[in-house]
Structure formats: structure tokens, C-alpha cells
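Peer 1: What follows is a structure written as C-alpha cells; I'll ask about it next.
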Amino acid sequence: MISELLSGSVPLEAYLLVAAVLFCTGVWGLINSRNAVRVLMSIELMLNAVNINLMSFSSYVDGQLIRGQIFSVFVITVAAAEAAVGLAILLSLYRNRVTVDMERFNLLRW
């Protein structure tokens with residue numbers, strides 16, 4: 001296993017396992033956290049797991065084409081926009097409510 005890692009040929013299953021662990025960690029953080037910043041970080045973990053899958057399948061299917069890399073750039077762009085908009089909303093909520101606890105956001109209640 002170590003000689004295989006040193007030679008540069010990592011099997012597809014290793015990438016998929018890392019991506020699955022990252023995605024499950026993100027889902028767990030999304031479900032169990034009440035802190036809004038932690039929710040945004042969990043979403044970022046899930047998007048990074050998707051990027052790992054895109055890159056690994058792109059390399060596995062056809063190493064000469066860069067389709068997975070292009071999709072990964074789009075996912076990174078969406079993740080950056082999501083982080084910027086999400087943090088702006090959180091800063092606005094924090095200024096008005098002085099908390100980032102998801103349980104205490106009641107802006108849509110009458």
C-alpha cells in the first residue's frame with residue numbers, strides 16, 4: 001500500500017472513501033449544529049467532497065480530458081458565492097439579533 005502511494009497511482013476507491021467521509025461529516029455537522037457559521041462550514045465540506053469525486057472520476061475515466069476540473073472550478077465558484085452571501089446574511093442577523101444560534105432566528109414568524 002505504501003509503495004503504491006509513493007509511486008503515484010492511488011486507486012479510485014481511496015478517493016471515494018475520503019470523499020464519502022468528508023460528505024458524511026458535512027451532513028452530520030449540518031444536521032447537528034445550531035451555530036449558523038458551523039452550518040456554512042458543513043456545506044463547504046460537502047461541496048469539497050463533491051469536488052474530490054469530480055476530480056477522481058475525471059482522472060479515472062479519461063486522464064486527457066479536463067471535464068472534472070472544469071466542473072470543480074464551477075463548484076468552487078458557487079461555494080465562494082455561497083460563503084460570501086451566507087456570511088453577509090449572518091453578519092446582518094448578528095447585528096440585529098446578537099446571536100448566530102439557528103434556534104433563535106425567528107424573523108419569519110408573525
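Here's how to read the names in the C-alpha cells: chain A, B, ... by the order shown, residue numbers from 1 in each chain, ligand numbers from 1 in the order shown.
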Taking only C-alpha atoms into account, produce a table as a tab-separated table in which each residue of range 6-79 of chain A with an atom at most 12 Å from an atom of range 87-92 of chain A appears once, together with its shortest atom pair and the distance in Å to one decimal, ordered by chain and rising number.

Peer 2:
residue	atom	partner	partner_atom	distance
A:Asn35	CA	A:Leu90	CA	10.4
A:Ala36	CA	A:Leu90	CA	7.3
A:Val37	CA	A:Leu87	CA	7.8
A:Arg38	CA	A:Leu87	CA	11.2
A:Val39	CA	A:Leu87	CA	11.0
A:Leu40	CA	A:Leu87	CA	8.3
A:Met41	CA	A:Leu87	CA	10.7
A:Ala79	CA	A:Leu87	CA	11.9

Peer 1: Neighbouring residues of range 46-61 of chain A were defined as those with any atom within 12 Å, considering only C-alpha atoms; residues of the same chain fewer than 5 positions away were excluded. Please report them as a VMD selection string.

Peer 2: chain A and resid 9 to 30 39 to 41 66 to 80 82 to 83

Peer 1: Could you write those residues out with C-alpha atoms, as a compact mmCIF listing (two decimals), in the first residue's frame?

Peer 2:
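What landed in selection_31.txt:
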# COMPACT_ATOMS: atom_id res chain seq x y z
CA SER A 9 -1.02 5.59 -8.50
CA VAL A 10 -3.70 5.90 -5.86
CA PRO A 11 -6.75 3.71 -6.51
CA LEU A 12 -10.13 5.27 -7.17
CA GLU A 13 -11.59 3.66 -4.05
CA ALA A 14 -9.24 5.67 -1.81
CA TYR A 15 -10.50 8.95 -3.25
CA LEU A 16 -14.11 7.81 -2.96
CA LEU A 17 -13.57 6.79 0.66
CA VAL A 18 -12.09 10.18 1.56
CA ALA A 19 -14.93 11.96 -0.25
CA ALA A 20 -17.54 9.81 1.50
CA VAL A 21 -16.04 10.57 4.91
CA LEU A 22 -15.97 14.31 4.12
CA PHE A 23 -19.54 14.29 2.85
CA CYS A 24 -20.85 12.34 5.85
CA THR A 25 -19.01 14.70 8.20
CA GLY A 26 -20.65 17.63 6.43
CA VAL A 27 -24.11 16.09 6.65
CA TRP A 28 -23.60 15.31 10.34
CA GLY A 29 -22.46 18.87 11.01
CA LEU A 30 -25.40 20.26 9.06
CA VAL A 39 -23.71 25.11 9.15
CA LEU A 40 -21.90 27.09 6.44
CA MET A 41 -18.68 25.19 7.15
CA ILE A 66 -10.36 18.10 -18.19
CA ARG A 67 -14.11 17.86 -17.72
CA GLY A 68 -13.92 17.13 -13.99
CA GLN A 69 -11.55 20.02 -13.43
CA ILE A 70 -13.89 22.42 -15.20
CA PHE A 71 -16.86 21.27 -13.13
CA SER A 72 -14.73 21.60 -9.99
CA VAL A 73 -13.97 25.22 -10.86
CA PHE A 74 -17.72 25.85 -11.18
CA VAL A 75 -18.35 24.18 -7.81
CA ILE A 76 -15.60 26.26 -6.19
CA THR A 77 -17.15 29.41 -7.68
CA VAL A 78 -20.58 28.51 -6.32
CA ALA A 79 -19.06 27.69 -2.93
CA ALA A 80 -17.31 31.05 -2.78
CA GLU A 82 -22.44 30.84 -1.11
CA ALA A 83 -19.90 31.65 1.59

Peer 1: My list of candidates is A:Ala81, A:Ile43, A:Arg34, A:Leu65. Which is closest to Thr99 in chain A when distances are computed with only C-alpha atoms?

Peer 2: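 Closest residue, counting only C-alpha atoms: A:Arg34.
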
Peer 1: Would you please work out which residue, of A:Glu44, A:Gln64, A:Val98, A:Glu103, is nearest to Gly86 in chain A when using only C-alpha atoms?

Peer 2: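 Answer, going by the shortest atom-to-atom distance: A:Glu44.
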
Peer 1: As an MDAnalysis selection string, which residues of range 57-104 of chain A does DSSP assign to alpha helix (DSSP H)?

Peer 2: chainID A and resid 57:61 67:97
